[in-house]
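**Student:** So I've got this file, upload28.cif, and it contains mmCIF, C-alpha atoms:
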data_structure
#
loop_
_atom_site.label_atom_id
_atom_site.label_comp_id
_atom_site.auth_asym_id
_atom_site.auth_seq_id
_atom_site.Cartn_x
_atom_site.Cartn_y
_atom_site.Cartn_z
CA MET A 1 0.00 0.00 0.00
CA SER A 2 1.66 3.21 -1.08
CA ALA A 3 -1.31 5.54 -1.23
CA ASN A 4 -4.44 6.20 0.73
CA GLY A 5 -7.27 4.62 -1.24
CA TYR A 6 -9.74 7.39 -0.44
CA PHE A 7 -7.65 10.52 -0.89
CA GLY A 8 -4.98 9.09 -3.19
CA ALA A 9 -2.27 10.70 -1.05
CA GLU A 10 1.08 8.99 -0.52
CA LEU A 11 1.51 7.43 2.90
CA TRP A 12 4.57 9.00 4.48
CA LEU A 13 4.88 6.50 7.34
CA ARG A 14 5.70 3.39 5.38
CA ALA A 15 8.71 1.14 4.94
CA PRO A 16 9.51 -2.17 3.29
CA PHE A 17 9.37 -5.20 5.57
CA LYS A 18 10.50 -8.49 4.08
CA ASN A 19 8.19 -8.95 1.07
CA GLU A 20 5.54 -6.63 2.53
CA VAL A 21 5.07 -2.95 3.29
CA PHE A 22 4.59 -1.76 6.87
CA TRP A 23 2.53 1.42 7.05
CA ALA A 24 0.66 3.74 9.39
CA PHE A 25 -1.72 6.55 8.51
CA ASN A 26 -0.32 9.02 11.07
CA PHE A 27 1.75 9.29 14.26
CA GLU A 28 -1.14 8.24 16.52
CA HIS A 29 -1.75 5.17 14.37
CA LEU A 30 1.96 4.35 14.53
CA LEU A 31 1.89 4.57 18.36
CA TYR A 32 -1.20 2.34 18.44
CA LEU A 33 0.55 -0.26 16.29
CA GLU A 34 3.66 -0.03 18.46
CA SER A 35 1.58 -0.65 21.56
CA TYR A 36 -0.10 -3.68 20.00
CA ILE A 37 3.07 -5.18 18.53
CA SER A 38 5.07 -4.73 21.73
CA ALA A 39 2.40 -6.30 23.97
CA ASN A 40 3.42 -9.60 25.50
CA LEU A 41 -0.19 -10.63 25.95
CA ARG A 42 -2.64 -9.89 23.16
CA GLU A 43 -6.08 -10.69 24.50
CA HIS A 44 -8.74 -11.30 21.90
CA LYS A 45 -11.79 -11.24 24.14
CA ASP A 46 -14.28 -8.47 23.44
CA ARG A 47 -12.85 -8.04 19.93
CA SER A 48 -14.67 -9.01 16.82
CA HIS A 49 -13.50 -9.38 13.25
CA TYR A 50 -14.48 -5.75 12.63
CA THR A 51 -11.69 -4.13 14.65
CA LEU A 52 -8.69 -2.36 13.18
CA LEU A 53 -6.38 -5.00 14.61
CA GLU A 54 -8.28 -7.81 12.92
CA LYS A 55 -7.88 -6.10 9.54
CA LEU A 56 -4.09 -5.76 9.72
CA PRO A 57 -1.93 -7.90 7.46
CA LYS A 58 -0.85 -11.18 9.09
CA PHE A 59 2.81 -10.18 9.44
CA TYR A 60 1.85 -7.44 11.94
CA HIS A 61 0.55 -10.16 14.29
CA LEU A 62 3.38 -12.68 14.15
CA ALA A 63 5.58 -12.87 17.25
CA LYS A 64 8.61 -13.73 15.11
CA ASN A 65 8.36 -10.27 13.51
CA ARG A 66 7.97 -8.36 16.79
CA GLU A 67 11.57 -7.22 17.30
CA ALA A 68 12.14 -6.21 13.67
CA LEU A 69 8.80 -4.37 13.47
CA LEU A 70 9.54 -2.44 16.66
CA LYS A 71 12.89 -1.35 15.22
CA LEU A 72 11.15 -0.26 12.04
CA ILE A 73 8.54 1.68 14.05
CA GLU A 74 11.34 3.45 15.91
CA LYS A 75 12.90 4.51 12.59
CA LEU A 76 9.54 5.83 11.40
CA LYS A 77 9.03 7.73 14.65
CA ASN A 78 12.42 9.41 14.16
CA LYS A 79 11.33 10.42 10.68
CA ILE A 80 8.68 12.73 12.13
#
Using the file provided, produce a representation of the structure as structure tokens.
**Tutor:**
Amino acid sequence: MSANGYFGAELWLRAPFKNEVFWAFNFEHLLYLESYISANLREHKDRSHYTLLEKLPKFYHLAKNREALLKLIEKLKNKI
């Protein structure tokens, strides 16, 4: 994803990750993703398949990607 589908604007907070693209819409979204990815316990109760987290690409959820994604998030935060 390189552009916002609604506005057609380029996403500034994006970076390649393996064969995927990690992205966030804005700084608050980036912090939200950081909080989710860094959590040791990700409880799924009270969440349905309609939440933002359920719509994320699978690689955001995988524990094996946690450390690398957090480093990538830090780089994106420094970009701001």
**Student:** Please write as a PyMOL selection string the full residue list that the PyMOL selection byres ((chain A and resi 36) around 12) yields on this file.
**Tutor:** chain A and resi 29-35+37-44+52-54+56+60-63+66+69-70+73
**Student:** Emit the selected residues as a CSV table (one decimal), in the frame of the given file, including C-alpha atoms.
**Tutor:**
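Here's the written file result-v3.csv:
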chain,number,residue,atom,x,y,z
A,29,HIS,CA,-1.8,5.2,14.4
A,30,LEU,CA,2.0,4.4,14.5
A,31,LEU,CA,1.9,4.6,18.4
A,32,TYR,CA,-1.2,2.3,18.4
A,33,LEU,CA,0.6,-0.3,16.3
A,34,GLU,CA,3.7,0.0,18.5
A,35,SER,CA,1.6,-0.6,21.6
A,37,ILE,CA,3.1,-5.2,18.5
A,38,SER,CA,5.1,-4.7,21.7
A,39,ALA,CA,2.4,-6.3,24.0
A,40,ASN,CA,3.4,-9.6,25.5
A,41,LEU,CA,-0.2,-10.6,26.0
A,42,ARG,CA,-2.6,-9.9,23.2
A,43,GLU,CA,-6.1,-10.7,24.5
A,44,HIS,CA,-8.7,-11.3,21.9
A,52,LEU,CA,-8.7,-2.4,13.2
A,53,LEU,CA,-6.4,-5.0,14.6
A,54,GLU,CA,-8.3,-7.8,12.9
A,56,LEU,CA,-4.1,-5.8,9.7
A,60,TYR,CA,1.8,-7.4,11.9
A,61,HIS,CA,0.6,-10.2,14.3
A,62,LEU,CA,3.4,-12.7,14.2
A,63,ALA,CA,5.6,-12.9,17.2
A,66,ARG,CA,8.0,-8.4,16.8
A,69,LEU,CA,8.8,-4.4,13.5
A,70,LEU,CA,9.5,-2.4,16.7
A,73,ILE,CA,8.5,1.7,14.0
**Student:** In Å, with one decimal, what is the gap from CA of Pro57 (chain A) to CA of Trp23 (chain A)?
**Tutor:**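 For CA of Pro57 (chain A) relative to CA of Trp23 (chain A), the distance reads 10.3 Å.
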**Student:** When distances are computed from all atoms listed in the file, which of A:Lys64, A:Lys71, A:Lys58, A:Lys77 shows the smallest separation from Glu20 (chain A)?
**Tutor:**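 Counting all atoms listed in the file, the residue closest to Glu20 (chain A) is A:Lys58.
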**Student:** List, as a list in words, every residue that the PyMOL selection byres ((chain A and resi 14-18) around 9) selects in the file provided.
**Tutor:**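 Selected by the PyMOL selection byres ((chain A and resi 14-18) around 9) in this file: Met1, Ser2, Leu11, Trp12, Leu13, Asn19, Glu20, Val21, Phe22, Trp23, Ala24, Phe25, Ala68, Leu69, Leu72 and Leu76 of chain A.
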